[in-house]
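Colleague: Contents of my_file.tsv (TSV, C-alpha atoms) are given next:
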chain	number	residue	atom	x	y	z
A	488	MET	CA	41.06	4.70	18.57
A	489	THR	CA	41.30	8.36	17.52
A	490	SER	CA	37.55	8.91	17.94
A	491	GLN	CA	37.71	7.23	21.35
A	492	ARG	CA	40.53	9.57	22.38
A	493	HIS	CA	38.66	12.54	20.97
A	494	THR	CA	35.55	11.56	22.90
A	495	HIS	CA	37.60	11.05	26.09
A	496	ASP	CA	39.17	14.51	25.70
A	497	ALA	CA	35.79	16.03	24.82
A	498	LEU	CA	34.30	14.54	27.99
A	499	LEU	CA	37.11	15.89	30.15
A	500	ASP	CA	36.99	19.28	28.41
A	501	ALA	CA	33.24	19.47	29.05
A	502	THR	CA	33.79	18.46	32.66
A	503	ARG	CA	36.38	21.22	33.03
A	504	GLU	CA	33.93	23.78	31.67
A	505	CYS	CA	31.23	22.64	34.09
A	506	VAL	CA	33.55	22.68	37.11
A	507	LEU	CA	34.83	26.14	36.20
A	508	GLU	CA	31.26	27.37	35.85
A	509	VAL	CA	29.47	25.77	38.81
A	510	GLY	CA	32.02	23.79	40.84
A	511	VAL	CA	32.37	20.06	41.39
A	512	ARG	CA	29.30	19.51	43.57
A	513	ARG	CA	26.94	21.16	41.10
A	514	THR	CA	28.41	19.44	38.03
A	515	THR	CA	26.18	16.63	36.77
A	516	LEU	CA	26.79	13.84	34.30
A	517	THR	CA	23.84	15.12	32.28
A	518	ASP	CA	25.40	18.59	31.96
A	519	VAL	CA	28.75	17.11	30.96
A	520	ALA	CA	27.13	14.87	28.33
A	521	LYS	CA	25.27	17.86	26.85
A	522	ARG	CA	28.41	20.00	26.70
A	523	ALA	CA	30.42	17.16	25.16
A	524	GLY	CA	27.71	16.39	22.61
A	525	VAL	CA	27.42	12.73	23.61
A	526	SER	CA	24.60	10.67	25.02
A	527	ARG	CA	24.32	10.15	28.75
A	528	MET	CA	24.79	6.42	28.16
A	529	THR	CA	28.14	7.04	26.46
A	530	LEU	CA	29.23	9.00	29.50
A	531	TYR	CA	27.83	6.48	32.00
A	532	ARG	CA	29.67	3.64	30.25
A	533	ARG	CA	33.00	5.41	30.80
A	534	TYR	CA	32.41	7.07	34.15
A	535	PRO	CA	29.98	5.73	36.75
A	536	ASP	CA	29.72	9.10	38.51
A	537	VAL	CA	30.95	12.69	38.59
A	538	ASP	CA	33.63	11.79	41.14
A	539	HIS	CA	35.38	9.44	38.70
A	540	LEU	CA	35.05	12.00	35.92
A	541	VAL	CA	36.52	14.82	38.02
A	542	ARG	CA	39.39	12.62	39.18
A	543	ALA	CA	40.22	11.80	35.56
A	544	LEU	CA	40.07	15.51	34.74
A	545	MET	CA	42.37	16.48	37.62
A	546	THR	CA	44.85	13.77	36.69
A	547	ARG	CA	44.92	14.93	33.07
A	548	GLU	CA	45.13	18.60	34.01
A	549	PHE	CA	47.92	18.27	36.53
A	550	ALA	CA	49.89	15.67	34.55
A	551	ALA	CA	50.00	18.17	31.69
A	552	LEU	CA	51.05	20.93	34.08
A	553	LEU	CA	53.79	18.73	35.53
A	554	ALA	CA	55.04	17.88	32.04
A	555	GLN	CA	55.10	21.57	31.17
A	556	VAL	CA	57.08	22.42	34.31
A	557	GLU	CA	59.50	19.59	33.62
A	558	GLU	CA	60.02	20.88	30.09
A	559	THR	CA	60.49	24.54	30.88
A	560	SER	CA	62.46	24.61	34.11
A	561	GLY	CA	65.32	22.91	35.81
A	562	ARG	CA	68.87	23.95	35.17
A	563	GLY	CA	71.81	22.81	37.22
A	564	ASN	CA	72.30	19.63	39.20
A	565	ALA	CA	69.42	17.34	40.15
A	566	ARG	CA	68.76	19.10	43.48
A	567	GLU	CA	68.64	22.52	41.84
A	568	GLN	CA	66.32	21.15	39.15
A	569	LEU	CA	64.02	19.56	41.72
A	570	VAL	CA	63.79	22.75	43.78
A	571	SER	CA	63.23	24.91	40.69
A	572	ARG	CA	60.57	22.57	39.35
A	573	ALA	CA	58.81	22.30	42.70
A	574	VAL	CA	58.56	26.09	42.98
A	575	ASP	CA	57.48	26.43	39.35
A	576	ALA	CA	54.82	23.74	39.87
A	577	ILE	CA	53.47	25.51	42.96
A	578	ARG	CA	53.35	28.78	41.07
A	579	ALA	CA	51.54	27.13	38.14
A	580	LEU	CA	49.06	25.25	40.34
A	581	SER	CA	48.36	28.33	42.42
A	582	GLY	CA	47.44	30.18	39.23
A	583	ASN	CA	45.54	27.30	37.64
A	584	PRO	CA	41.87	28.27	37.17
A	585	LEU	CA	40.61	24.73	37.79
A	586	MET	CA	42.56	24.34	41.04
A	587	GLN	CA	41.45	27.77	42.21
A	588	ARG	CA	37.80	27.05	41.42
A	589	VAL	CA	37.88	23.75	43.30
A	590	LEU	CA	39.52	25.43	46.31
A	591	GLN	CA	37.04	28.30	46.14
A	592	LEU	CA	33.83	26.26	45.86
A	593	ASP	CA	34.63	22.70	46.90
A	594	ALA	CA	37.71	22.75	49.15
A	595	GLU	CA	36.29	20.03	51.38
A	596	LEU	CA	36.66	17.60	48.47
A	597	MET	CA	40.45	17.86	48.93
A	598	LEU	CA	40.27	16.70	52.54
A	599	PRO	CA	40.46	12.93	51.89
A	600	TYR	CA	43.69	13.51	49.95
A	601	LEU	CA	45.15	15.31	52.94
A	602	THR	CA	43.94	13.08	55.75
A	603	GLU	CA	43.17	9.60	54.39
A	604	ARG	CA	44.98	8.64	51.18
A	605	LEU	CA	47.07	9.84	48.28
A	606	GLY	CA	45.22	10.39	45.04
A	607	SER	CA	46.39	9.48	41.55
A	608	THR	CA	47.68	12.99	40.92
A	609	GLN	CA	49.68	12.96	44.14
A	610	ARG	CA	51.14	9.57	43.20
A	611	LEU	CA	52.07	10.92	39.78
A	612	VAL	CA	53.91	13.84	41.39
A	613	GLU	CA	55.56	11.50	43.87
A	614	GLN	CA	56.84	9.27	41.06
A	615	PHE	CA	58.33	12.34	39.39
A	616	LEU	CA	59.97	13.37	42.68
A	617	VAL	CA	61.43	9.90	43.27
A	618	GLY	CA	63.09	10.08	39.84
A	619	GLN	CA	64.49	13.53	40.60
A	620	ILE	CA	65.79	12.44	44.00
A	621	GLU	CA	67.38	9.29	42.60
A	622	ALA	CA	69.11	11.46	39.98
A	623	GLY	CA	70.36	13.64	42.84
A	624	HIS	CA	71.71	10.61	44.65
A	625	LEU	CA	73.61	9.67	41.51
A	626	ASP	CA	75.09	13.12	40.87
A	627	GLY	CA	75.81	13.68	44.57
A	628	SER	CA	73.65	16.81	44.85
A	629	ILE	CA	71.02	15.22	47.14
A	630	ARG	CA	71.98	13.60	50.42
A	631	PHE	CA	71.58	9.86	50.35
A	632	GLY	CA	68.40	8.46	51.88
A	633	ASP	CA	65.34	6.47	50.94
A	634	ALA	CA	64.17	8.19	47.75
A	635	LYS	CA	60.52	7.30	48.35
A	636	THR	CA	60.56	8.77	51.85
A	637	GLN	CA	62.36	11.89	50.70
A	638	ALA	CA	59.90	12.31	47.83
A	639	ARG	CA	56.93	11.96	50.18
A	640	VAL	CA	58.28	14.72	52.43
A	641	VAL	CA	58.82	17.03	49.45
A	642	LEU	CA	55.31	16.23	48.18
A	643	LEU	CA	53.69	17.00	51.52
A	644	SER	CA	55.69	20.20	51.93
A	645	THR	CA	54.89	21.53	48.50
A	646	GLN	CA	51.23	20.54	48.36
A	647	SER	CA	50.55	22.50	51.51
A	648	MET	CA	51.71	25.65	49.70
A	649	VAL	CA	49.32	24.96	46.82
A	650	LEU	CA	46.34	24.26	49.04
A	651	SER	CA	47.08	27.12	51.43
A	652	THR	CA	47.95	29.88	48.97
A	653	LYS	CA	45.15	32.17	50.11
A	654	PRO	CA	45.92	32.11	53.85
A	655	ALA	CA	49.67	31.83	53.23
A	656	THR	CA	49.70	35.06	51.27
A	657	SER	CA	47.66	37.00	53.81
A	658	GLY	CA	49.99	39.91	54.51
A	659	LEU	CA	52.94	38.25	52.76
A	660	ASP	CA	54.31	38.29	49.24
A	661	PHE	CA	53.81	34.98	47.41
A	662	THR	CA	57.18	35.24	45.67
A	663	SER	CA	58.91	35.70	49.02
A	664	LEU	CA	57.15	32.61	50.36
A	665	LEU	CA	58.25	30.58	47.32
A	666	ASP	CA	61.82	31.85	47.71
A	667	GLU	CA	61.82	30.72	51.36
A	668	LEU	CA	60.37	27.33	50.43
A	669	ALA	CA	63.10	26.92	47.79
A	670	LYS	CA	65.76	27.61	50.43
A	671	GLN	CA	64.17	25.13	52.81
A	672	LEU	CA	63.91	22.40	50.17
A	673	ASP	CA	67.45	23.03	49.01
A	674	GLY	CA	68.78	22.92	52.57
A	675	ALA	CA	66.85	19.77	53.46
A	676	LEU	CA	68.07	17.87	50.39
A	677	ARG	CA	71.66	19.14	50.31
A	678	PRO	CA	74.29	16.52	51.23
For the structure just supplied, provide its representation as structure tokens.

Modeller:
Amino acid sequence: MTSQRHTHDALLDATRECVLEVGVRRTTLTDVAKRAGVSRMTLYRRYPDVDHLVRALMTREFAALLAQVEETSGRGNAREQLVSRAVDAIRALSGNPLMQRVLQLDAELMLPYLTERLGSTQRLVEQFLVGQIEAGHLDGSIRFGDAKTQARVVLLSTQSMVLSTKPATSGLDFTSLLDELAKQLDGALRP
């Protein structure tokens, strides 16, 4: 099991290196296999194409980022923690080299996750938000409502900041934008 996990991590690490170097569209399974030091067949058995491989990478990358944000931020009641964590997550994602490279070279790949369906990373974030909102219902810091609906609205509001960092900061200070978003989230969730 350990060697399987090591190989899985090695494949995703190699994929990350390729995406950072040449972008998603120019990353090939052959290049990833070479970088990971595995045969192409080993890679093909686990991932039928680059799309599946990149999705697994993004899920791993952003799940780790979310766990880090959850660990390092969030004092106060549940609403204050949610707002703080949302802003910290946006800040972290906006500075994440992988996210920036994808937005720089392959932004159109994000379009289906904005117009057609939620991806596994978005669902992961949404699950986290539902838990935070339910905690806020319990401690009275978040107005009562359907937690799943409230979480979806927070997800959609915050992801737009991540995906629009470049145009959003044109002529404006990023910290000021995040401060305003925090006020809006806090006001929208306050009982």

Colleague: Might you pull out every residue within 8 Å of region 553-569 of chain A, with all atoms listed in the file counted and same-chain residues fewer than 5 positions away left off, and present them as a ChimeraX atom specification?

Modeller: /A:575-576,612,616,619-620,622-623,626,628-629,673,676-677

Colleague: Do a neighbour search on Ser607 (chain A) at 9 Å with all atoms listed in the file, toss out local chain neighbours closer than 6 positions, and write the hits as a ChimeraX atom specification.

Modeller: /A:542-543,545-546

Colleague: Please compute the CA of Gly582 (chain A)-CA of Val570 (chain A) distance, one decimal, in Å.

Modeller: 18.5 Å

Colleague: Just to confirm, what's the straight-line distance from CA of Asp538 (chain A) to CA of Val511 (chain A) in Å (one decimal)?

Modeller: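 If I compute the distance from CA of Asp538 (chain A) to CA of Val511 (chain A), I get 8.4 Å.
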
Colleague: If you measure from CA of Asp593 (chain A) to CA of Val649 (chain A), what distance in Å do you get, rounded to one decimal?

Modeller: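 So the two atoms, CA of Asp593 (chain A) and CA of Val649 (chain A), lie 14.9 Å apart.
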
Colleague: With distances taken over all atoms listed in the file, which of A:Leu499, A:Ala520, A:Ala638, A:Leu625 is nearest to Gln609 (chain A)?

Modeller: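 Checking each candidate against Gln609 (chain A), we get A:Ala638 as the closest.
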
Colleague: Go through A:Lys635, A:Leu530, A:Ser581, A:Gln646 one by one, measure the shortest atom-to-atom distance of each to Phe661 (chain A) using all atoms listed in the file, and give the residue with the smallest value.

Modeller: A:Ser581
